Each structure stands twice: as structure tokens, then as C-alpha cells.
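S.K.: One file: start_18.json (JSON, C-alpha atoms).
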[["chain", "number", "residue", "atom", "x", "y", "z"],
["Z", 1, "MET", "CA", 99.60, 107.50, 139.85],
["Z", 2, "LYS", "CA", 101.95, 110.08, 141.36],
["Z", 3, "ARG", "CA", 103.20, 112.55, 138.74],
["Z", 4, "PHE", "CA", 106.18, 114.11, 140.51],
["Z", 5, "THR", "CA", 108.61, 113.78, 143.42],
["Z", 6, "VAL", "CA", 110.94, 116.07, 145.34],
["Z", 7, "ARG", "CA", 114.64, 115.25, 145.41],
["Z", 8, "ARG", "CA", 118.08, 116.86, 145.31],
["Z", 9, "SER", "CA", 118.54, 119.24, 142.37],
["Z", 10, "ARG", "CA", 121.70, 120.12, 140.45],
["Z", 11, "ILE", "CA", 120.37, 123.69, 140.24],
["Z", 12, "HIS", "CA", 119.77, 124.42, 143.93],
["Z", 13, "GLY", "CA", 118.86, 122.37, 147.01],
["Z", 14, "ARG", "CA", 115.72, 120.40, 146.34],
["Z", 15, "GLY", "CA", 113.71, 120.33, 143.13],
["Z", 16, "VAL", "CA", 110.50, 118.86, 141.72],
["Z", 17, "PHE", "CA", 110.95, 116.05, 139.17],
["Z", 18, "ALA", "CA", 108.49, 114.30, 136.88],
["Z", 19, "LEU", "CA", 107.87, 110.61, 137.61],
["Z", 20, "ARG", "CA", 105.96, 110.09, 134.37],
["Z", 21, "SER", "CA", 105.26, 111.96, 131.15],
["Z", 22, "ILE", "CA", 103.28, 115.15, 131.73],
["Z", 23, "LYS", "CA", 101.50, 116.91, 128.88],
["Z", 24, "ALA", "CA", 101.59, 120.65, 128.22],
["Z", 25, "GLY", "CA", 98.53, 122.33, 129.72],
["Z", 26, "GLU", "CA", 98.21, 119.97, 132.70],
["Z", 27, "LEU", "CA", 97.77, 121.56, 136.10],
["Z", 28, "LEU", "CA", 100.48, 120.00, 138.20],
["Z", 29, "LEU", "CA", 99.61, 121.20, 141.70],
["Z", 30, "GLU", "CA", 98.52, 124.15, 143.80],
["Z", 31, "TYR", "CA", 101.06, 126.31, 145.63],
["Z", 32, "LYS", "CA", 99.96, 125.90, 149.25],
["Z", 33, "GLY", "CA", 100.80, 127.72, 152.45],
["Z", 34, "LYS", "CA", 99.52, 130.23, 154.94],
["Z", 35, "VAL", "CA", 98.13, 133.42, 153.37],
["Z", 36, "ILE", "CA", 99.67, 136.48, 155.03],
["Z", 37, "THR", "CA", 99.94, 140.19, 154.27],
["Z", 38, "TRP", "CA", 102.93, 141.55, 152.38],
["Z", 39, "ARG", "CA", 103.89, 143.60, 155.46],
["Z", 40, "THR", "CA", 103.91, 140.44, 157.62],
["Z", 41, "ALA", "CA", 106.05, 138.65, 155.04],
["Z", 42, "VAL", "CA", 108.61, 141.46, 154.95],
["Z", 43, "ARG", "CA", 108.85, 141.59, 158.75],
["Z", 44, "ALA", "CA", 109.19, 137.80, 159.03],
["Z", 45, "HIS", "CA", 111.86, 137.69, 156.32],
["Z", 46, "ARG", "CA", 113.88, 140.43, 158.02],
["Z", 47, "ARG", "CA", 113.77, 138.45, 161.28],
["Z", 48, "ASN", "CA", 114.23, 134.90, 160.02],
["Z", 49, "GLY", "CA", 115.00, 134.88, 156.32],
["Z", 50, "LEU", "CA", 118.07, 134.12, 154.29],
["Z", 51, "ALA", "CA", 119.21, 136.69, 151.74],
["Z", 52, "GLY", "CA", 117.75, 135.88, 148.34],
["Z", 53, "HIS", "CA", 115.67, 132.95, 149.59],
["Z", 54, "THR", "CA", 112.00, 132.68, 150.58],
["Z", 55, "PHE", "CA", 109.01, 130.45, 149.99],
["Z", 56, "TYR", "CA", 106.75, 133.48, 149.45],
["Z", 57, "PHE", "CA", 104.45, 133.69, 146.44],
["Z", 58, "GLY", "CA", 102.78, 137.05, 145.84],
["Z", 59, "LEU", "CA", 99.09, 137.31, 144.99],
["Z", 60, "SER", "CA", 97.51, 140.08, 142.91],
["Z", 61, "ASN", "CA", 95.46, 141.23, 145.92],
["Z", 62, "GLY", "CA", 98.66, 142.18, 147.78],
["Z", 63, "ASN", "CA", 98.75, 139.14, 150.04],
["Z", 64, "VAL", "CA", 101.42, 136.46, 150.02],
["Z", 65, "ILE", "CA", 101.31, 132.66, 150.25],
["Z", 66, "ASP", "CA", 103.99, 131.55, 152.71],
["Z", 67, "GLY", "CA", 104.99, 128.09, 151.52],
["Z", 68, "SER", "CA", 107.22, 127.59, 154.57],
["Z", 69, "ASN", "CA", 104.09, 127.49, 156.75],
["Z", 70, "GLY", "CA", 101.70, 124.72, 155.69],
["Z", 71, "GLY", "CA", 103.27, 124.49, 152.24],
["Z", 72, "ASN", "CA", 103.57, 121.55, 149.88],
["Z", 73, "SER", "CA", 105.93, 120.26, 147.19],
["Z", 74, "ALA", "CA", 105.33, 123.32, 144.99],
["Z", 75, "ARG", "CA", 107.68, 125.33, 147.21],
["Z", 76, "TRP", "CA", 110.57, 123.23, 145.88],
["Z", 77, "LEU", "CA", 110.11, 124.32, 142.25],
["Z", 78, "ASN", "CA", 113.38, 125.92, 141.20],
["Z", 79, "HIS", "CA", 113.80, 128.92, 138.93],
["Z", 80, "ALA", "CA", 114.83, 128.73, 135.28],
["Z", 81, "CYS", "CA", 114.91, 131.47, 132.66],
["Z", 82, "GLU", "CA", 113.28, 129.01, 130.22],
["Z", 83, "PRO", "CA", 110.63, 127.51, 132.54],
["Z", 84, "THR", "CA", 108.69, 124.29, 132.03],
["Z", 85, "CYS", "CA", 105.78, 125.58, 134.13],
["Z", 86, "VAL", "CA", 103.91, 128.80, 134.82],
["Z", 87, "ALA", "CA", 101.98, 130.02, 137.83],
["Z", 88, "VAL", "CA", 98.30, 130.68, 137.21],
["Z", 89, "GLU", "CA", 96.34, 132.72, 139.76],
["Z", 90, "SER", "CA", 92.64, 131.99, 140.24],
["Z", 91, "LYS", "CA", 90.51, 133.28, 143.12],
["Z", 92, "ASN", "CA", 93.53, 134.12, 145.30],
["Z", 93, "ARG", "CA", 95.08, 130.69, 144.76],
["Z", 94, "ILE", "CA", 98.15, 129.76, 142.70],
["Z", 95, "PHE", "CA", 98.22, 126.72, 140.43],
["Z", 96, "ILE", "CA", 101.28, 125.42, 138.60],
["Z", 97, "GLU", "CA", 100.62, 124.60, 134.94],
["Z", 98, "VAL", "CA", 103.01, 122.72, 132.65],
["Z", 99, "VAL", "CA", 103.77, 124.70, 129.47],
["Z", 100, "ARG", "CA", 105.43, 121.97, 127.39],
["Z", 101, "ASP", "CA", 105.52, 118.20, 127.38],
["Z", 102, "ILE", "CA", 107.73, 116.82, 130.16],
["Z", 103, "ALA", "CA", 109.66, 113.54, 130.13],
["Z", 104, "PRO", "CA", 110.01, 111.26, 133.17],
["Z", 105, "GLY", "CA", 112.96, 112.32, 135.33],
["Z", 106, "GLU", "CA", 112.97, 115.90, 134.07],
["Z", 107, "GLU", "CA", 113.14, 118.69, 136.64],
["Z", 108, "LEU", "CA", 110.24, 121.15, 136.58],
["Z", 109, "PHE", "CA", 110.90, 124.90, 136.73],
["Z", 110, "ILE", "CA", 109.11, 128.22, 136.92],
["Z", 111, "ASP", "CA", 110.47, 131.70, 136.20],
["Z", 112, "TYR", "CA", 110.43, 133.38, 139.60],
["Z", 113, "GLY", "CA", 110.31, 136.87, 138.09],
["Z", 114, "LEU", "CA", 111.17, 138.30, 141.51],
["Z", 115, "GLU", "CA", 110.57, 141.95, 142.29],
["Z", 116, "VAL", "CA", 112.56, 143.48, 145.13],
["Z", 117, "ALA", "CA", 113.23, 146.96, 146.46],
["Z", 118, "ARG", "CA", 116.15, 148.42, 144.52],
["Z", 119, "LYS", "CA", 119.57, 147.56, 145.87],
["Z", 120, "THR", "CA", 122.96, 147.90, 144.30],
["Z", 121, "ALA", "CA", 123.35, 145.98, 141.06],
["Z", 122, "GLU", "CA", 126.21, 143.94, 142.54],
["Z", 123, "LEU", "CA", 124.18, 142.93, 145.62],
["Z", 124, "GLU", "CA", 121.22, 141.95, 143.43],
["Z", 125, "LYS", "CA", 123.48, 139.93, 141.16],
["Z", 126, "ARG", "CA", 124.96, 138.05, 144.11],
["Z", 127, "GLU", "CA", 121.74, 137.46, 146.10],
["Z", 128, "TYR", "CA", 119.48, 136.61, 143.16],
["Z", 129, "ALA", "CA", 121.91, 134.91, 140.77],
["Z", 130, "CYS", "CA", 120.38, 132.39, 138.39],
["Z", 131, "ARG", "CA", 121.99, 128.95, 138.08],
["Z", 132, "CYS", "CA", 119.69, 127.46, 135.43],
["Z", 133, "GLY", "CA", 122.41, 127.08, 132.80],
["Z", 134, "HIS", "CA", 120.04, 127.65, 129.85],
["Z", 135, "SER", "CA", 121.50, 129.27, 126.73],
["Z", 136, "GLY", "CA", 119.07, 132.19, 127.17],
["Z", 137, "CYS", "CA", 119.82, 132.66, 130.88],
["Z", 138, "ARG", "CA", 119.51, 136.30, 131.96],
["Z", 139, "GLY", "CA", 121.78, 135.70, 134.98],
["Z", 140, "THR", "CA", 119.20, 136.62, 137.62],
["Z", 141, "MET", "CA", 115.98, 135.35, 139.16],
["Z", 142, "LEU", "CA", 114.67, 138.94, 139.16],
["Z", 143, "ALA", "CA", 111.92, 139.97, 136.77],
["Z", 144, "SER", "CA", 112.95, 141.23, 133.34],
["Z", 145, "ILE", "CA", 112.75, 144.97, 133.01]]
Please, can you express the file's structure as C-alpha cells?
M.R.:
Amino acid sequence: MKRFTVRRSRIHGRGVFALRSIKAGELLLEYKGKVITWRTAVRAHRRNGLAGHTFYFGLSNGNVIDGSNGGNSARWLNHACEPTCVAVESKNRIFIEVVRDIAPGEELFIDYGLEVARKTAELEKREYACRCGHSGCRGTMLASI
């Protein structure tokens, strides 16, 4: 039985939603896409990207998974400061694991924890603003410092 679907999100664009109950600790799916170098990702984003928006997922070996090229539903996971899922890296692959029990219809989130080259605080705030609405929202999709 299918566990999730992609549909319009109140947070941003599309989102991933549970179709049935999902237990904490379950691996939901793998983040898929073409594996590229960080340098290639930066060049491609400068040419084609939108400010504050990518489907890139960084790996600990310095490479990046480009979810816009051969990606799957995982690329539609939205950010929240109090996430329902975490990314787990294993052998240069990323898996999405649920961290608490999820009810049918609930949107699934990860904390993007983005790291970017330093810009002005105002530009960062505008480009990487968080819209999660949680009481503990830090106001940004950037990593906590």
C-alpha cells in the first residue's frame, strides 16, 4: 500500500503527505537524483536556478544529489523547524526517516539546515525565509549557528 503522495502544500508549492499512519523510525524513501560535484551544482544553479530554491542534497563526500535530474517524490519534502523526518546518509545515499508517528493526511517535513556562502543578513532572510508556522520557528531554512 502506498504510504505517501505529493500534492499542493500550504507551506510552499508541492509537499509530501502521508496516505496512512506511519510509525516513527520507518524509512520513508530514498532521495534520488543525479550525483554531481559541488562545483557543477554551483555553476548550474548560477545559470538556471532560482534564488533560495534548489533540489540539491549535499553528501558528506562533497558531492551533491540533484533531485531535479532523475529525482523522485523526496524532492518535494518541505522545510520545517520542527521536522517530522530526518535525512540519514548511508554509503553516499540519502534516506528519509520518520522521527515521530504520522497521521494520515499530515504533511511530512525535514529541516533543510541549509549552508550558504555568507550574504547580507537581509538577503538571507528574504531568500531563505521559513514559512513553517511552528511555535519554535527560527525564521529561516538556514542551519542554526
S.K.: Skip Gly133 in chain Z itself and residues of its chain fewer than 5 positions away, then list as a count of residues only all residues within 9 Å of it, counting all atoms listed in the file.
M.R.: 4
S.K.: Report as a ChimeraX atom specification all protein, DNA and RNA residues lying within 8 Å of range 59-72 of chain Z, evaluated on only C-alpha atoms, omitting residues in the same chain fewer than 4 positions from it.
M.R.: /Z:31-38,41,55,89,92-94
S.K.: Could you please determine the separation between CA of Pro83 in chain Z and CA of His134 in chain Z in Å, to one decimal place?
M.R.: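 Pair CA of Pro83 in chain Z / CA of His134 in chain Z returns 9.8 Å.
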S.K.: Extract, using all atoms listed in the file, all DNA, RNA and protein residues at most 8 Å from range 105-110 of chain Z, discarding same-chain residues fewer than 4 positions from it, and format them as a ChimeraX atom specification.
M.R.: /Z:9,15-20,77-87
S.K.: Distance CA of Met141 in chain Z-CA of Gly13 in chain Z, one decimal place?
M.R.: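 Taking CA of Met141 in chain Z and CA of Gly13 in chain Z, their separation equals 15.4 Å.
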S.K.: Quick one: everything within 9 Å of Ile22 in chain Z, counting all atoms listed in the file, minus sequence neighbours fewer than 6 positions away in the same chain. Send it as a PyMOL selection string.
M.R.: chain Z and resi 3+28+98+100-104
S.K.: Output the selection as a tab-separated table (two decimals), in the frame of the given file - C-alpha atoms for each residue.
M.R.:
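Generated output (again_22.tsv):
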chain	number	residue	atom	x	y	z
Z	3	ARG	CA	103.20	112.55	138.74
Z	28	LEU	CA	100.48	120.00	138.20
Z	98	VAL	CA	103.01	122.72	132.65
Z	100	ARG	CA	105.43	121.97	127.39
Z	101	ASP	CA	105.52	118.20	127.38
Z	102	ILE	CA	107.73	116.82	130.16
Z	103	ALA	CA	109.66	113.54	130.13
Z	104	PRO	CA	110.01	111.26	133.17
S.K.: Out of Z:Arg46, Z:Arg75, Z:Lys91, Z:Arg131, which residue has the shortest atom-to-atom distance to Arg14 in chain Z when counting all atoms listed in the file?
M.R.: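 Among the listed residues, Z:Arg75 lies closest to Arg14 in chain Z.
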S.K.: Skipping near chain neighbours, those fewer than 5 positions away, what residues fall within 7 Å of Glu30 in chain Z using only C-alpha atoms, listed as a ChimeraX atom specification?
M.R.: /Z:74,94-96
S.K.: So, counting only C-alpha atoms, which residue among Z:Val99, Z:Ala143, Z:Val88, Z:Ala129 is closest to Lys23 in chain Z?
M.R.: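 Among the listed residues, the smallest separation from Lys23 in chain Z belongs to Z:Val99.
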S.K.: I'd like to know which of Z:Gly136, Z:Gly58, Z:Arg39, Z:Ser73 is closest to Arg7 in chain Z, using all atoms listed in the file.
M.R.: Z:Ser73
S.K.: For a test of reading the model, state the distance in Å between CA of Glu115 in chain Z and CA of Leu142 in chain Z, rounded to one decimal.
M.R.: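 About the pair CA of Glu115 in chain Z and CA of Leu142 in chain Z: they are 6.0 Å apart.
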